[in-house]
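As stored in my_file.pdb (PDB, C-alpha atoms):
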ATOM      1  CA  MET A 216      74.143 116.350  95.907  1.00  0.00           C
ATOM      2  CA  LYS A 217      75.909 118.211  93.144  1.00  0.00           C
ATOM      3  CA  THR A 218      78.567 116.273  91.229  1.00  0.00           C
ATOM      4  CA  ALA A 219      81.594 117.591  89.369  1.00  0.00           C
ATOM      5  CA  PRO A 220      80.889 116.761  85.693  1.00  0.00           C
ATOM      6  CA  ASN A 221      84.442 115.915  84.660  1.00  0.00           C
ATOM      7  CA  PRO A 222      86.983 116.047  87.504  1.00  0.00           C
ATOM      8  CA  HIS A 223      90.571 116.992  86.637  1.00  0.00           C
ATOM      9  CA  VAL A 224      93.516 117.564  88.937  1.00  0.00           C
ATOM     10  CA  LEU A 225      96.392 119.735  87.781  1.00  0.00           C
ATOM     11  CA  LEU A 226      99.728 118.683  89.241  1.00  0.00           C
ATOM     12  CA  VAL A 227     103.322 119.569  88.636  1.00  0.00           C
ATOM     13  CA  GLY A 228     106.264 117.209  89.007  1.00  0.00           C
ATOM     14  CA  PRO A 229     107.415 113.761  87.965  1.00  0.00           C
ATOM     15  CA  TYR A 230     104.205 111.982  89.019  1.00  0.00           C
ATOM     16  CA  ARG A 231     101.785 114.254  87.122  1.00  0.00           C
ATOM     17  CA  ALA A 232     101.351 111.990  84.084  1.00  0.00           C
ATOM     18  CA  ASN A 233     100.889 108.865  86.208  1.00  0.00           C
ATOM     19  CA  LEU A 234      98.316 110.469  88.480  1.00  0.00           C
ATOM     20  CA  LEU A 235      96.370 112.000  85.590  1.00  0.00           C
ATOM     21  CA  LYS A 236      96.273 108.618  83.821  1.00  0.00           C
ATOM     22  CA  TYR A 237      95.143 107.009  87.072  1.00  0.00           C
ATOM     23  CA  LEU A 238      92.361 109.561  87.508  1.00  0.00           C
ATOM     24  CA  GLU A 239      91.249 109.081  83.918  1.00  0.00           C
ATOM     25  CA  LEU A 240      91.133 105.294  84.311  1.00  0.00           C
ATOM     26  CA  THR A 241      89.398 105.195  87.679  1.00  0.00           C
ATOM     27  CA  LEU A 242      87.093 108.219  87.686  1.00  0.00           C
ATOM     28  CA  CYS A 243      86.170 108.771  84.059  1.00  0.00           C
ATOM     29  CA  ASN A 244      86.113 105.211  82.713  1.00  0.00           C
ATOM     30  CA  ALA A 245      84.491 103.220  85.501  1.00  0.00           C
ATOM     31  CA  HIS A 246      84.095  99.505  84.851  1.00  0.00           C
ATOM     32  CA  PRO A 247      81.073  97.485  85.989  1.00  0.00           C
ATOM     33  CA  PRO A 248      81.758  95.438  89.158  1.00  0.00           C
ATOM     34  CA  SER A 249      81.550  92.173  87.200  1.00  0.00           C
ATOM     35  CA  THR A 250      84.688  93.142  85.235  1.00  0.00           C
ATOM     36  CA  LEU A 251      86.808  93.971  88.281  1.00  0.00           C
ATOM     37  CA  PRO A 252      90.011  91.998  88.731  1.00  0.00           C
ATOM     38  CA  PRO A 253      90.169  89.897  91.914  1.00  0.00           C
ATOM     39  CA  MET A 254      92.735  92.310  93.436  1.00  0.00           C
ATOM     40  CA  SER A 255      91.976  95.949  94.189  1.00  0.00           C
ATOM     41  CA  HIS A 256      95.357  97.043  92.854  1.00  0.00           C
ATOM     42  CA  LYS A 257      97.039  95.788  89.716  1.00  0.00           C
ATOM     43  CA  THR A 258     100.664  96.268  88.674  1.00  0.00           C
ATOM     44  CA  THR A 259     101.313  96.115  84.965  1.00  0.00           C
ATOM     45  CA  LYS A 260     104.354  96.019  82.712  1.00  0.00           C
ATOM     46  CA  GLN A 261     103.154  99.135  80.850  1.00  0.00           C
ATOM     47  CA  GLY A 262     104.499 101.472  83.523  1.00  0.00           C
ATOM     48  CA  PHE A 263     101.290 102.357  85.352  1.00  0.00           C
ATOM     49  CA  GLU A 264      99.194 101.276  88.299  1.00  0.00           C
ATOM     50  CA  SER A 265      95.418 101.015  88.350  1.00  0.00           C
ATOM     51  CA  VAL A 266      92.818 100.548  91.021  1.00  0.00           C
ATOM     52  CA  ASP A 267      89.031 100.509  91.183  1.00  0.00           C
ATOM     53  CA  PHE A 268      87.927 102.181  94.390  1.00  0.00           C
ATOM     54  CA  ALA A 269      84.708 100.129  94.376  1.00  0.00           C
ATOM     55  CA  SER A 270      86.844  97.053  95.100  1.00  0.00           C
ATOM     56  CA  ILE A 271      88.625  98.602  98.109  1.00  0.00           C
ATOM     57  CA  ALA A 272      87.058  98.127 101.526  1.00  0.00           C
ATOM     58  CA  GLY A 273      86.255 101.359 103.303  1.00  0.00           C
ATOM     59  CA  VAL A 274      87.917 102.030 106.641  1.00  0.00           C
ATOM     60  CA  PRO A 275      86.764 104.423 109.365  1.00  0.00           C
ATOM     61  CA  CYS A 276      88.640 107.726 109.580  1.00  0.00           C
ATOM     62  CA  PRO A 277      88.066 111.030 111.444  1.00  0.00           C
ATOM     63  CA  CYS A 278      86.081 112.296 108.440  1.00  0.00           C
ATOM     64  CA  GLY A 279      83.917 109.262 107.691  1.00  0.00           C
ATOM     65  CA  THR A 280      84.917 106.293 105.501  1.00  0.00           C
ATOM     66  CA  ALA A 281      88.064 106.220 103.374  1.00  0.00           C
ATOM     67  CA  ARG A 282      89.097 103.914 100.532  1.00  0.00           C
ATOM     68  CA  ARG A 283      92.894 104.185 100.229  1.00  0.00           C
ATOM     69  CA  ALA A 284      94.992 103.271  97.196  1.00  0.00           C
ATOM     70  CA  PHE A 285      98.685 102.936  96.290  1.00  0.00           C
ATOM     71  CA  ALA A 286     100.052 102.534  99.832  1.00  0.00           C
ATOM     72  CA  ASP A 287     102.057  99.544  98.605  1.00  0.00           C
ATOM     73  CA  VAL A 288     103.451 101.177  95.448  1.00  0.00           C
ATOM     74  CA  GLU A 289     107.111 101.832  96.230  1.00  0.00           C
ATOM     75  CA  ASP A 290     107.808 104.388  93.495  1.00  0.00           C
ATOM     76  CA  PHE A 291     104.766 106.577  94.246  1.00  0.00           C
ATOM     77  CA  PRO A 292     105.405 108.987  97.147  1.00  0.00           C
ATOM     78  CA  GLY A 293     101.838 109.229  98.424  1.00  0.00           C
ATOM     79  CA  THR A 294      98.444 107.630  98.659  1.00  0.00           C
ATOM     80  CA  VAL A 295      95.155 108.499  96.973  1.00  0.00           C
ATOM     81  CA  HIS A 296      91.886 108.212  98.863  1.00  0.00           C
ATOM     82  CA  VAL A 297      88.221 108.490  98.020  1.00  0.00           C
ATOM     83  CA  THR A 298      86.536 109.510 101.239  1.00  0.00           C
ATOM     84  CA  GLU A 299      82.818 109.680 101.968  1.00  0.00           C
ATOM     85  CA  ILE A 300      82.499 112.451 104.536  1.00  0.00           C
ATOM     86  CA  ALA A 301      79.992 111.982 107.339  1.00  0.00           C
ATOM     87  CA  GLU A 302      78.240 114.966 108.833  1.00  0.00           C
ATOM     88  CA  ASP A 303      80.058 114.473 112.134  1.00  0.00           C
ATOM     89  CA  ALA A 304      83.672 114.665 110.913  1.00  0.00           C
ATOM     90  CA  LYS A 305      86.150 115.212 113.746  1.00  0.00           C
ATOM     91  CA  LEU A 306      88.527 118.176 113.894  1.00  0.00           C
ATOM     92  CA  HIS A 307      92.060 116.789 113.508  1.00  0.00           C
ATOM     93  CA  TYR A 308      95.473 117.571 112.081  1.00  0.00           C
ATOM     94  CA  HIS A 309      98.619 115.879 110.821  1.00  0.00           C
ATOM     95  CA  LYS A 310     102.189 116.678 111.842  1.00  0.00           C
ATOM     96  CA  LYS A 311     103.802 115.270 108.683  1.00  0.00           C
ATOM     97  CA  LEU A 312     101.122 114.768 106.028  1.00  0.00           C
ATOM     98  CA  THR A 313      99.954 117.242 103.395  1.00  0.00           C
ATOM     99  CA  GLU A 314      96.451 116.483 102.134  1.00  0.00           C
ATOM    100  CA  THR A 315      94.942 117.844  98.942  1.00  0.00           C
ATOM    101  CA  TYR A 316      91.145 117.603  98.858  1.00  0.00           C
ATOM    102  CA  TYR A 317      89.383 117.600  95.489  1.00  0.00           C
ATOM    103  CA  PHE A 318      85.630 117.823  96.032  1.00  0.00           C
ATOM    104  CA  LEU A 319      83.744 115.359  93.832  1.00  0.00           C
ATOM    105  CA  GLU A 320      80.263 115.663  95.361  1.00  0.00           C
ATOM    106  CA  CYS A 321      78.884 118.079  97.968  1.00  0.00           C
ATOM    107  CA  GLU A 322      75.622 119.119  99.469  1.00  0.00           C
ATOM    108  CA  ALA A 323      74.747 122.746  98.745  1.00  0.00           C
ATOM    109  CA  ASP A 324      75.720 123.926 102.252  1.00  0.00           C
ATOM    110  CA  ALA A 325      78.999 121.950 102.508  1.00  0.00           C
ATOM    111  CA  LYS A 326      81.969 123.604 104.201  1.00  0.00           C
ATOM    112  CA  ILE A 327      85.454 122.810 105.405  1.00  0.00           C
ATOM    113  CA  GLN A 328      86.916 124.129 108.632  1.00  0.00           C
ATOM    114  CA  LEU A 329      90.602 125.085 108.366  1.00  0.00           C
ATOM    115  CA  ASP A 330      91.853 126.167 111.789  1.00  0.00           C
ATOM    116  CA  ASP A 331      89.318 128.866 112.778  1.00  0.00           C
ATOM    117  CA  GLU A 332      88.075 129.609 109.253  1.00  0.00           C
ATOM    118  CA  LEU A 333      84.992 128.107 107.575  1.00  0.00           C
ATOM    119  CA  ILE A 334      85.117 127.895 103.775  1.00  0.00           C
ATOM    120  CA  ASP A 335      82.193 127.049 101.482  1.00  0.00           C
ATOM    121  CA  VAL A 336      83.079 124.188  99.124  1.00  0.00           C
ATOM    122  CA  HIS A 337      81.556 122.871  95.906  1.00  0.00           C
ATOM    123  CA  PRO A 338      82.302 120.136  93.347  1.00  0.00           C
ATOM    124  CA  GLY A 339      85.395 120.917  91.335  1.00  0.00           C
ATOM    125  CA  MET A 340      87.060 122.873  94.132  1.00  0.00           C
ATOM    126  CA  CYS A 341      90.495 121.841  95.433  1.00  0.00           C
ATOM    127  CA  ILE A 342      92.159 122.699  98.760  1.00  0.00           C
ATOM    128  CA  MET A 343      95.685 121.824  99.894  1.00  0.00           C
ATOM    129  CA  ILE A 344      96.002 121.351 103.666  1.00  0.00           C
ATOM    130  CA  ARG A 345      99.504 121.683 105.099  1.00  0.00           C
ATOM    131  CA  PRO A 346     100.763 119.825 108.190  1.00  0.00           C
ATOM    132  CA  GLY A 347      99.606 121.418 111.444  1.00  0.00           C
ATOM    133  CA  THR A 348      96.350 122.794 110.005  1.00  0.00           C
ATOM    134  CA  ARG A 349      93.359 121.652 112.020  1.00  0.00           C
ATOM    135  CA  HIS A 350      90.629 120.602 109.626  1.00  0.00           C
ATOM    136  CA  ARG A 351      87.283 118.895 109.225  1.00  0.00           C
ATOM    137  CA  ALA A 352      84.610 118.744 106.591  1.00  0.00           C
ATOM    138  CA  ILE A 353      81.095 119.876 107.469  1.00  0.00           C
ATOM    139  CA  GLY A 354      78.176 118.281 105.653  1.00  0.00           C
ATOM    140  CA  LYS A 355      77.925 115.219 103.461  1.00  0.00           C
ATOM    141  CA  MET A 356      80.389 115.025 100.584  1.00  0.00           C
ATOM    142  CA  LYS A 357      82.654 112.756  98.572  1.00  0.00           C
ATOM    143  CA  VAL A 358      86.273 113.834  98.252  1.00  0.00           C
ATOM    144  CA  LEU A 359      89.329 112.631  96.354  1.00  0.00           C
ATOM    145  CA  ILE A 360      92.328 113.144  98.660  1.00  0.00           C
ATOM    146  CA  VAL A 361      95.969 113.000  97.573  1.00  0.00           C
ATOM    147  CA  VAL A 362      98.191 112.462 100.629  1.00  0.00           C
ATOM    148  CA  LEU A 363     101.935 113.190 100.650  1.00  0.00           C
ATOM    149  CA  PRO A 364     103.947 111.422 101.924  1.00  0.00           C
ATOM    150  CA  LYS A 365     102.059 108.116 102.169  1.00  0.00           C
ATOM    151  CA  PHE A 366      99.177 108.079 104.640  1.00  0.00           C
ATOM    152  CA  ASP A 367     100.117 107.020 108.167  1.00  0.00           C
ATOM    153  CA  SER A 368      97.324 106.456 110.695  1.00  0.00           C
ATOM    154  CA  ASN A 369      99.793 107.323 113.489  1.00  0.00           C
ATOM    155  CA  ASP A 370      99.832 110.893 112.131  1.00  0.00           C
ATOM    156  CA  GLU A 371      96.236 111.713 113.065  1.00  0.00           C
ATOM    157  CA  TRP A 372      96.128 114.122 116.014  1.00  0.00           C
ATOM    158  CA  PHE A 373      93.229 115.518 118.017  1.00  0.00           C
ATOM    159  CA  ASP A 374      93.180 118.438 120.496  1.00  0.00           C
TER
END

Turn the structure described in the file into structure tokens.
Amino acid sequence: MKTAPNPHVLLVGPYRANLLKYLELTLCNAHPPSTLPPMSHKTTKQGFESVDFASIAGVPCPCGTARRAFADVEDFPGTVHVTEIAEDAKLHYHKKLTETYYFLECEADAKIQLDDELIDVHPGMCIMIRPGTRHRAIGKMKVLIVVLPKFDSNDEWFD
């Protein structure tokens, strides 16, 4: 698998600085498992939230296995997921959620299906998926997904 050498997400709005700091802390400065705090999510008095995805249990999702962060942070409008995509991801859509996929790792022939279109993807690529767009990943990959508003498992729809 190819890996993005130094992933960055460019965002606009009031949460940009917080999300960039979060990405820097969790993706670029990984800590060994022995130094992880007992909780997967830590609130601090410095005005930021941090999480180590290695300490979050994966849950099954239509795409594979997702590790979801910040669902319980009241002043953050979304959730951030690291999802390991299985080769048999299911075509699905959301009525309310917008998902932004940032591809961290991909096999050379990885693709994403968006409605009836197949798009080649590679590490470092980013795709925003609006509500109502049927989508699924094809091939093995690891994706950082920013979900707005907060992820809701009741908003996963299948044809």

* Residues matched by the PyMOL selection byres ((chain A and resi 314) around 6) as a PyMOL selection string -> chain A and resi 313+315+343-344+361-362

Find the spatial neighbours of Cys278 in chain A, counting all atoms listed in the file, within a cut-off of 12 Å - ignore same-chain residues fewer than 3 positions away - and output them as an mmCIF file with C-alpha atoms, keeping the file's coordinate frame.
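Now in selection_4.cif:
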data_model
loop_
_atom_site.group_PDB
_atom_site.id
_atom_site.type_symbol
_atom_site.label_atom_id
_atom_site.label_comp_id
_atom_site.auth_asym_id
_atom_site.auth_seq_id
_atom_site.Cartn_x
_atom_site.Cartn_y
_atom_site.Cartn_z
ATOM 1 C CA VAL A 274 87.917 102.030 106.641
ATOM 2 C CA PRO A 275 86.764 104.423 109.365
ATOM 3 C CA ALA A 281 88.064 106.220 103.374
ATOM 4 C CA ARG A 282 89.097 103.914 100.532
ATOM 5 C CA HIS A 296 91.886 108.212 98.863
ATOM 6 C CA VAL A 297 88.221 108.490 98.020
ATOM 7 C CA THR A 298 86.536 109.510 101.239
ATOM 8 C CA GLU A 299 82.818 109.680 101.968
ATOM 9 C CA ILE A 300 82.499 112.451 104.536
ATOM 10 C CA ALA A 301 79.992 111.982 107.339
ATOM 11 C CA GLU A 302 78.240 114.966 108.833
ATOM 12 C CA ASP A 303 80.058 114.473 112.134
ATOM 13 C CA ALA A 304 83.672 114.665 110.913
ATOM 14 C CA LYS A 305 86.150 115.212 113.746
ATOM 15 C CA LEU A 306 88.527 118.176 113.894
ATOM 16 C CA HIS A 307 92.060 116.789 113.508
ATOM 17 C CA TYR A 308 95.473 117.571 112.081
ATOM 18 C CA ILE A 327 85.454 122.810 105.405
ATOM 19 C CA GLN A 328 86.916 124.129 108.632
ATOM 20 C CA HIS A 350 90.629 120.602 109.626
ATOM 21 C CA ARG A 351 87.283 118.895 109.225
ATOM 22 C CA ALA A 352 84.610 118.744 106.591
ATOM 23 C CA ILE A 353 81.095 119.876 107.469
ATOM 24 C CA GLY A 354 78.176 118.281 105.653
ATOM 25 C CA LYS A 355 77.925 115.219 103.461
ATOM 26 C CA MET A 356 80.389 115.025 100.584
ATOM 27 C CA LYS A 357 82.654 112.756 98.572
ATOM 28 C CA VAL A 358 86.273 113.834 98.252
ATOM 29 C CA ILE A 360 92.328 113.144 98.660
ATOM 30 C CA GLU A 371 96.236 111.713 113.065
#

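Separating CA of Lys310 in chain A from CA of Ser368 in chain A is a distance of 11.4 Å.
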
* On this structure, which residues satisfy the PyMOL selection byres ((chain A and resi 317) around 8), written as number ranges by chain? -> A: 224, 315-316, 318-319, 338-342, 358-360

* May I ask for the distance between CA of Gly293 in chain A and CA of Ala272 in chain A, given in Å to one decimal place? => 18.7 Å

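Here CA of Ile271 in chain A is placed at a distance of 17.4 Å from CA of Asp367 in chain A.
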
* Do you know which residues the PyMOL selection byres ((chain A and resi 348) around 8) returns on this file, as a list in words? -> Tyr308, His309, Leu329, Asp330, Ile344, Arg345, Pro346, Gly347, Arg349 and His350 of chain A

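Among the candidates A:Leu312, A:Asp335, A:Phe268, A:Lys365, the one nearest to Thr294 in chain A when counting all atoms listed in the file is A:Lys365.
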
N, CA and C atoms modelled onto range 350-369 of chain A, as a PDB file, in the coordinates of the input:
ATOM      1  N   HIS A 350      91.627 120.597 110.690  1.00  0.00           N
ATOM      2  CA  HIS A 350      90.629 120.602 109.626  1.00  0.00           C
ATOM      3  C   HIS A 350      89.550 119.558 109.856  1.00  0.00           C
ATOM      4  N   ARG A 351      88.400 119.843 109.269  1.00  0.00           N
ATOM      5  CA  ARG A 351      87.283 118.895 109.225  1.00  0.00           C
ATOM      6  C   ARG A 351      86.305 119.375 108.173  1.00  0.00           C
ATOM      7  N   ALA A 352      85.654 118.428 107.561  1.00  0.00           N
ATOM      8  CA  ALA A 352      84.610 118.744 106.591  1.00  0.00           C
ATOM      9  C   ALA A 352      83.282 118.831 107.336  1.00  0.00           C
ATOM     10  N   ILE A 353      82.407 119.689 106.851  1.00  0.00           N
ATOM     11  CA  ILE A 353      81.095 119.876 107.469  1.00  0.00           C
ATOM     12  C   ILE A 353      80.040 119.645 106.402  1.00  0.00           C
ATOM     13  N   GLY A 354      79.196 118.658 106.621  1.00  0.00           N
ATOM     14  CA  GLY A 354      78.176 118.281 105.653  1.00  0.00           C
ATOM     15  C   GLY A 354      78.591 117.023 104.906  1.00  0.00           C
ATOM     16  N   LYS A 355      77.636 116.436 104.220  1.00  0.00           N
ATOM     17  CA  LYS A 355      77.925 115.219 103.461  1.00  0.00           C
ATOM     18  C   LYS A 355      78.615 115.577 102.152  1.00  0.00           C
ATOM     19  N   MET A 356      79.652 114.795 101.831  1.00  0.00           N
ATOM     20  CA  MET A 356      80.389 115.025 100.584  1.00  0.00           C
ATOM     21  C   MET A 356      81.242 113.815 100.259  1.00  0.00           C
ATOM     22  N   LYS A 357      81.726 113.781  99.032  1.00  0.00           N
ATOM     23  CA  LYS A 357      82.654 112.756  98.572  1.00  0.00           C
ATOM     24  C   LYS A 357      83.871 113.490  98.035  1.00  0.00           C
ATOM     25  N   VAL A 358      85.059 113.092  98.531  1.00  0.00           N
ATOM     26  CA  VAL A 358      86.273 113.834  98.252  1.00  0.00           C
ATOM     27  C   VAL A 358      87.373 112.888  97.781  1.00  0.00           C
ATOM     28  N   LEU A 359      88.108 113.312  96.766  1.00  0.00           N
ATOM     29  CA  LEU A 359      89.329 112.631  96.354  1.00  0.00           C
ATOM     30  C   LEU A 359      90.457 113.322  97.106  1.00  0.00           C
ATOM     31  N   ILE A 360      91.264 112.557  97.843  1.00  0.00           N
ATOM     32  CA  ILE A 360      92.328 113.144  98.660  1.00  0.00           C
ATOM     33  C   ILE A 360      93.664 112.550  98.233  1.00  0.00           C
ATOM     34  N   VAL A 361      94.599 113.416  97.864  1.00  0.00           N
ATOM     35  CA  VAL A 361      95.969 113.000  97.573  1.00  0.00           C
ATOM     36  C   VAL A 361      96.783 113.328  98.817  1.00  0.00           C
ATOM     37  N   VAL A 362      97.451 112.315  99.380  1.00  0.00           N
ATOM     38  CA  VAL A 362      98.191 112.462 100.629  1.00  0.00           C
ATOM     39  C   VAL A 362      99.677 112.274 100.358  1.00  0.00           C
ATOM     40  N   LEU A 363     100.479 113.253 100.805  1.00  0.00           N
ATOM     41  CA  LEU A 363     101.935 113.190 100.650  1.00  0.00           C
ATOM     42  C   LEU A 363     102.600 113.500 101.979  1.00  0.00           C
ATOM     43  N   PRO A 364     103.572 112.731 102.448  1.00  0.00           N
ATOM     44  CA  PRO A 364     103.947 111.422 101.924  1.00  0.00           C
ATOM     45  C   PRO A 364     102.822 110.419 102.172  1.00  0.00           C
ATOM     46  N   LYS A 365     103.095 109.139 102.030  1.00  0.00           N
ATOM     47  CA  LYS A 365     102.059 108.116 102.169  1.00  0.00           C
ATOM     48  C   LYS A 365     101.320 108.254 103.502  1.00  0.00           C
ATOM     49  N   PHE A 366     100.022 107.994 103.447  1.00  0.00           N
ATOM     50  CA  PHE A 366      99.177 108.079 104.640  1.00  0.00           C
ATOM     51  C   PHE A 366      99.733 107.199 105.757  1.00  0.00           C
ATOM     52  N   ASP A 367      99.688 107.739 106.971  1.00  0.00           N
ATOM     53  CA  ASP A 367     100.117 107.020 108.167  1.00  0.00           C
ATOM     54  C   ASP A 367      99.084 107.298 109.246  1.00  0.00           C
ATOM     55  N   SER A 368      98.376 106.261 109.696  1.00  0.00           N
ATOM     56  CA  SER A 368      97.324 106.456 110.695  1.00  0.00           C
ATOM     57  C   SER A 368      97.875 106.945 112.034  1.00  0.00           C
ATOM     58  N   ASN A 369      99.179 106.809 112.258  1.00  0.00           N
ATOM     59  CA  ASN A 369      99.793 107.323 113.489  1.00  0.00           C
ATOM     60  C   ASN A 369      99.999 108.834 113.422  1.00  0.00           C
TER      61      ASN A 369
END
